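Report on one structure; see the data block that follows.
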Amino acid sequence: MGYRKLYIALITSCFILAGQKSVNAQELVDSLIEKRQYLSAFEYLSQQPDTVVDAVLTKTELAMNYYWHSYKHRKFSFIDLRKGESIEQLRVQEPYGDTPFSFVIDSVLLDLEQLYPDDFRIKKALGDYYNQVYYDFGDSWGERSEVLLNKSNDYYLQAYEQGLFDDKTLYALGYYQSLHQNYFEAQNWFLKSLQANANNALTNYSLAVTYLFDGLPRKGIPYGEKAYELYVDSLKKSDAARIAGILYLKNIQNQEAYEYFIKADELHSNYRPNQLYLLKAAVLLNKDSVAIETGCAILNDSPYSPDLPNELNGLFLDEKKTEWLHTVYDRVLESQNQNNEALGNIRFHYGKLLFKEGKKRKAKRMIKQSKKDFSLVFDESHQVFEAIEQTLKYF
């Protein structure tokens, strides 16, 4: 018998011999997990047959939450942590763990379900497992992601009907409905999830998004703001700020929207969606300097994009602020003066803007100059020249 097996056997014997002062197996495992002795806890649980429901459920929770390395959530390696060690850090630092234990969780749980069809804890555990596999692996696990999600949803519903659920279960049920665009049903599940845990940032964020998609921005605003307050990660916090801003924008509260777009941009600078929404709010609020500065930043960051100038043309034309966009184009042309492809792209769309403003002569000169810029970069067979000729036919 190896040292570790001997250790497990001895510690088990000690608890059995302790008589009335002994603790049961579950308390022993809980104690090992509390001490972060994950390998010892799993080895101890592995001594028990897979027909013992409590042992299998605890073993499943241990495997899914405290593994050192996971192999498609079918094999797991564990470690007994020493003082100062973190399982999250070790997962990153060490490419391999100890020899993995084979633990095909869904097969074990499905066999257990056949033995104990009325124990709905097993069904909830199956829902948890398929849901986690969906998030961690998706299609690469071996089944299509939609199949995994369907299984998770079905098991969660069965458990819910028997009163077995938590905020994560309720969130997953809402997420499933939101994917199928059943926003009213999704909102009901998310609200139930928040009743169980009001400080779940993801649930608040997802609820805000469903209200946005459902055309109910006023209802979504408090949840978008709450998600922003709760998130710690800067990128997630930025996303929540943007969603809150969009909801305010849809509710025609432009100043509040602008303030959240500023927060989003500060948290995740030079991120296109944040910049575009900040630009839109600045234009709506008549903030010319912010609009011009943001427009220049967007175009200088992607000077070859054909879609961005088109989007800016539409935005500034709709709000009758084209003179601001002239300033943006002029400044970008100056900053890109050694980049012929960028010059050609900006001048082409500048010409289209001028044409829509009724300045046909200036527009024609601008587009012809763009052709000269492009000719210094591309062969005459390039498709950009066909687009230019088609545009010039309108003059």
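So you can find residues: chains in the structure tokens are A, B, ... in the order shown, residues in each start at 1, and ligands are numbered from 1 in order.
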Contacts of range 300-309 of chain A within 7 Å, only C-alpha atoms, excl. fewer than 2 positions in-chain, as a PyMOL selection string
chain A and resi 296-298+311-313+332+341-342+345+349
Run DSSP on the backbone and grab whatever in range 211-379 of chain A lands in alpha helix (DSSP H); send it over as a ChimeraX atom specification.
/A:211-213,217-230,234-250,254-267,272-284,288-301,307-318,322-335,340-356,360-375
Output for the residues just chosen: C-alpha atoms as a short mmCIF file (atom, residue, chain, number, x, y, z; two decimals), in the first residue's frame:
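Output file selection00.cif follows:
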```cif
data_model
loop_
_atom_site.label_atom_id
_atom_site.label_comp_id
_atom_site.auth_asym_id
_atom_site.auth_seq_id
_atom_site.Cartn_x
_atom_site.Cartn_y
_atom_site.Cartn_z
CA TYR A 211 -35.03 44.53 -21.15
CA LEU A 212 -33.00 46.31 -23.83
CA PHE A 213 -33.82 43.67 -26.44
CA PRO A 217 -35.23 50.42 -21.46
CA ARG A 218 -36.73 52.11 -18.40
CA LYS A 219 -37.08 48.75 -16.64
CA GLY A 220 -33.54 47.77 -17.57
CA ILE A 221 -31.75 50.90 -16.32
CA PRO A 222 -31.53 50.00 -12.58
CA TYR A 223 -30.15 46.55 -13.39
CA GLY A 224 -27.56 47.93 -15.80
CA GLU A 225 -26.45 50.40 -13.12
CA LYS A 226 -26.37 47.66 -10.49
CA ALA A 227 -24.21 45.45 -12.70
CA TYR A 228 -21.81 48.35 -13.21
CA GLU A 229 -21.57 48.84 -9.44
CA LEU A 230 -21.04 45.14 -8.73
CA SER A 234 -12.57 46.46 -15.67
CA LEU A 235 -13.73 44.96 -18.98
CA LYS A 236 -16.96 43.60 -17.51
CA LYS A 237 -17.53 46.87 -15.68
CA SER A 238 -17.03 48.71 -18.98
CA ASP A 239 -19.56 46.47 -20.71
CA ALA A 240 -22.09 47.11 -17.95
CA ALA A 241 -21.52 50.86 -18.21
CA ARG A 242 -22.12 50.72 -21.96
CA ILE A 243 -25.35 48.74 -21.50
CA ALA A 244 -26.56 51.24 -18.89
CA GLY A 245 -25.72 54.06 -21.31
CA ILE A 246 -27.59 52.41 -24.18
CA LEU A 247 -30.64 51.93 -21.98
CA TYR A 248 -30.57 55.61 -21.02
CA LEU A 249 -30.12 56.53 -24.68
CA LYS A 250 -33.14 54.46 -25.65
CA ASN A 254 -29.00 61.60 -23.26
CA GLN A 255 -27.00 63.26 -20.48
CA GLU A 256 -27.17 60.16 -18.29
CA ALA A 257 -26.25 58.02 -21.30
CA TYR A 258 -23.25 60.24 -22.04
CA GLU A 259 -21.98 59.92 -18.47
CA TYR A 260 -22.07 56.13 -18.63
CA PHE A 261 -20.38 56.08 -22.04
CA ILE A 262 -17.59 58.21 -20.56
CA LYS A 263 -17.19 55.64 -17.78
CA ALA A 264 -17.17 52.78 -20.29
CA ASP A 265 -14.52 54.48 -22.41
CA GLU A 266 -12.33 55.25 -19.39
CA LEU A 267 -12.45 51.61 -18.31
CA ARG A 272 -14.92 50.64 -30.84
CA PRO A 273 -18.45 50.06 -29.45
CA ASN A 274 -17.72 52.36 -26.49
CA GLN A 275 -16.28 55.03 -28.76
CA LEU A 276 -19.19 54.96 -31.21
CA TYR A 277 -21.80 55.28 -28.47
CA LEU A 278 -19.81 58.07 -26.82
CA LEU A 279 -19.66 59.83 -30.18
CA LYS A 280 -23.41 59.48 -30.69
CA ALA A 281 -24.20 60.88 -27.25
CA ALA A 282 -21.77 63.77 -27.75
CA VAL A 283 -23.42 64.69 -31.05
CA LEU A 284 -26.88 64.52 -29.50
CA ASP A 288 -18.59 69.48 -30.52
CA SER A 289 -15.08 69.10 -29.09
CA VAL A 290 -15.79 65.61 -27.68
CA ALA A 291 -17.48 64.54 -30.91
CA ILE A 292 -14.59 65.73 -33.07
CA GLU A 293 -11.92 64.26 -30.81
CA THR A 294 -13.71 60.90 -30.62
CA GLY A 295 -14.38 60.82 -34.36
CA CYS A 296 -10.69 61.45 -35.08
CA ALA A 297 -9.65 58.72 -32.65
CA ILE A 298 -12.00 56.21 -34.27
CA LEU A 299 -10.82 56.90 -37.83
CA ASN A 300 -7.13 57.12 -36.97
CA ASP A 301 -7.41 53.75 -35.28
CA ASP A 307 -17.72 50.80 -42.92
CA LEU A 308 -16.75 53.31 -40.24
CA PRO A 309 -16.80 56.42 -42.48
CA ASN A 310 -20.17 55.30 -43.84
CA GLU A 311 -21.48 55.01 -40.28
CA LEU A 312 -20.10 58.43 -39.35
CA ASN A 313 -21.59 60.00 -42.48
CA GLY A 314 -25.02 58.71 -41.49
CA LEU A 315 -24.71 59.79 -37.85
CA PHE A 316 -23.58 63.35 -38.55
CA LEU A 317 -26.02 63.80 -41.45
CA ASP A 318 -28.96 62.63 -39.31
CA THR A 322 -21.77 67.60 -40.94
CA GLU A 323 -19.47 70.59 -40.39
CA TRP A 324 -18.06 68.71 -37.38
CA LEU A 325 -17.38 65.70 -39.58
CA HIS A 326 -15.61 67.96 -42.08
CA THR A 327 -13.25 68.89 -39.25
CA VAL A 328 -12.78 65.21 -38.37
CA TYR A 329 -11.96 64.29 -41.98
CA ASP A 330 -9.59 67.24 -42.40
CA ARG A 331 -7.68 66.36 -39.26
CA VAL A 332 -7.44 62.67 -40.15
CA LEU A 333 -6.21 63.54 -43.65
CA GLU A 334 -3.49 65.64 -42.05
CA SER A 335 -2.46 62.95 -39.57
CA ASN A 340 -1.88 56.78 -49.37
CA GLU A 341 -4.33 53.97 -48.75
CA ALA A 342 -5.76 55.78 -45.72
CA LEU A 343 -5.91 59.05 -47.67
CA GLY A 344 -7.76 57.35 -50.50
CA ASN A 345 -10.28 55.78 -48.15
CA ILE A 346 -11.00 58.97 -46.19
CA ARG A 347 -11.23 61.16 -49.29
CA PHE A 348 -13.60 58.71 -50.98
CA HIS A 349 -16.05 58.85 -48.07
CA TYR A 350 -15.49 62.57 -47.59
CA GLY A 351 -16.57 62.98 -51.20
CA LYS A 352 -19.71 60.92 -50.59
CA LEU A 353 -20.56 63.16 -47.65
CA LEU A 354 -20.07 66.29 -49.74
CA PHE A 355 -22.29 64.84 -52.47
CA LYS A 356 -25.11 64.20 -49.98
CA LYS A 360 -21.22 68.13 -56.10
CA ARG A 361 -18.14 69.90 -57.50
CA LYS A 362 -16.18 69.55 -54.27
CA ALA A 363 -17.37 65.98 -53.97
CA LYS A 364 -16.18 65.08 -57.47
CA ARG A 365 -12.74 66.60 -56.88
CA MET A 366 -12.42 64.77 -53.58
CA ILE A 367 -13.31 61.39 -55.09
CA LYS A 368 -10.97 61.88 -58.06
CA GLN A 369 -8.18 62.67 -55.61
CA SER A 370 -8.99 59.47 -53.74
CA LYS A 371 -8.49 57.60 -57.01
CA LYS A 372 -5.01 59.11 -57.33
CA ASP A 373 -4.21 58.11 -53.75
CA PHE A 374 -5.29 54.53 -54.34
CA SER A 375 -3.38 54.31 -57.63
#
```
Exercise: Tyr44 in chain A partners within 8 Å, only C-alpha atoms, chain neighbours under 3 positions left out, as JSON, numbers by chain
{"A": [8, 29, 40, 41, 47, 48]}
Excluding range 76-91 of chain A and any residue of its chain fewer than 4 positions from it, enumerate the residues within 6 Å of it, using only C-alpha atoms, and give them as a PyMOL selection string.
chain A and resi 36-39+67-70+97-98+100-101
Go ahead and write the selection's residues with C-alpha atoms as a compact mmCIF listing (two decimals), in the first residue's frame.
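As written to disk, selection-v1.txt reads:
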```
# COMPACT_ATOMS: atom_id res chain seq x y z
CA ARG A 36 -7.69 22.67 1.12
CA GLN A 37 -6.53 19.06 1.10
CA TYR A 38 -8.28 18.38 -2.18
CA LEU A 39 -6.28 15.34 -3.26
CA TYR A 67 -9.53 20.31 -9.51
CA TRP A 68 -5.92 21.17 -10.26
CA HIS A 69 -6.27 20.21 -13.89
CA SER A 70 -9.30 18.97 -15.79
CA GLY A 97 -0.87 17.95 -12.40
CA ASP A 98 -0.55 14.54 -10.79
CA PRO A 100 -5.42 12.24 -13.32
CA PHE A 101 -8.30 10.28 -11.87
```
Measuring between only C-alpha atoms, which one of A:Asp106, A:Lys124, A:Lys320, A:Glu380 shows the shortest distance to Glu357 in chain A?
A:Lys320
For range 163-267 of chain A against range 139-156 of chain A, with a cut-off of 10 Å and counting only C-alpha atoms, what is the closest atom pair and its distance in Å to one decimal for every residue that makes the cut, ordered by chain and number, as CSV?
```
residue,atom,partner,partner_atom,distance
A:Leu164,CA,A:Tyr156,CA,8.4
A:Phe165,CA,A:Tyr156,CA,7.6
A:Thr169,CA,A:Tyr156,CA,6.6
A:Leu170,CA,A:Tyr156,CA,8.3
A:Ala172,CA,A:Asn153,CA,7.4
A:Leu173,CA,A:Asn153,CA,6.1
A:Gly174,CA,A:Asn153,CA,9.5
A:Tyr175,CA,A:Asn153,CA,9.5
A:Tyr176,CA,A:Asn153,CA,7.0
A:Gln177,CA,A:Asn153,CA,9.4
```
Just the selected residues (C-alpha atoms), exported as a tab-separated table (two decimals), in the first residue's frame, please.
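Generated output (result.tsv):
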```
chain	number	residue	atom	x	y	z
A	164	LEU	CA	-34.19	22.29	-5.57
A	165	PHE	CA	-32.55	25.41	-6.98
A	169	THR	CA	-29.79	27.47	-11.38
A	170	LEU	CA	-32.37	30.21	-11.85
A	172	ALA	CA	-29.21	29.33	-16.18
A	173	LEU	CA	-32.94	28.86	-16.76
A	174	GLY	CA	-33.22	32.54	-17.67
A	175	TYR	CA	-30.15	32.43	-19.89
A	176	TYR	CA	-31.66	29.50	-21.81
A	177	GLN	CA	-34.84	31.47	-22.48
```
State, in Å with one decimal place, the distance from CA of Ala186 in chain A to CA of Phe120 in chain A.
23.2 Å
Find the distance between CA of Asn200 in chain A and CA of Ile33 in chain A and write it in Å to one decimal.
24.8 Å
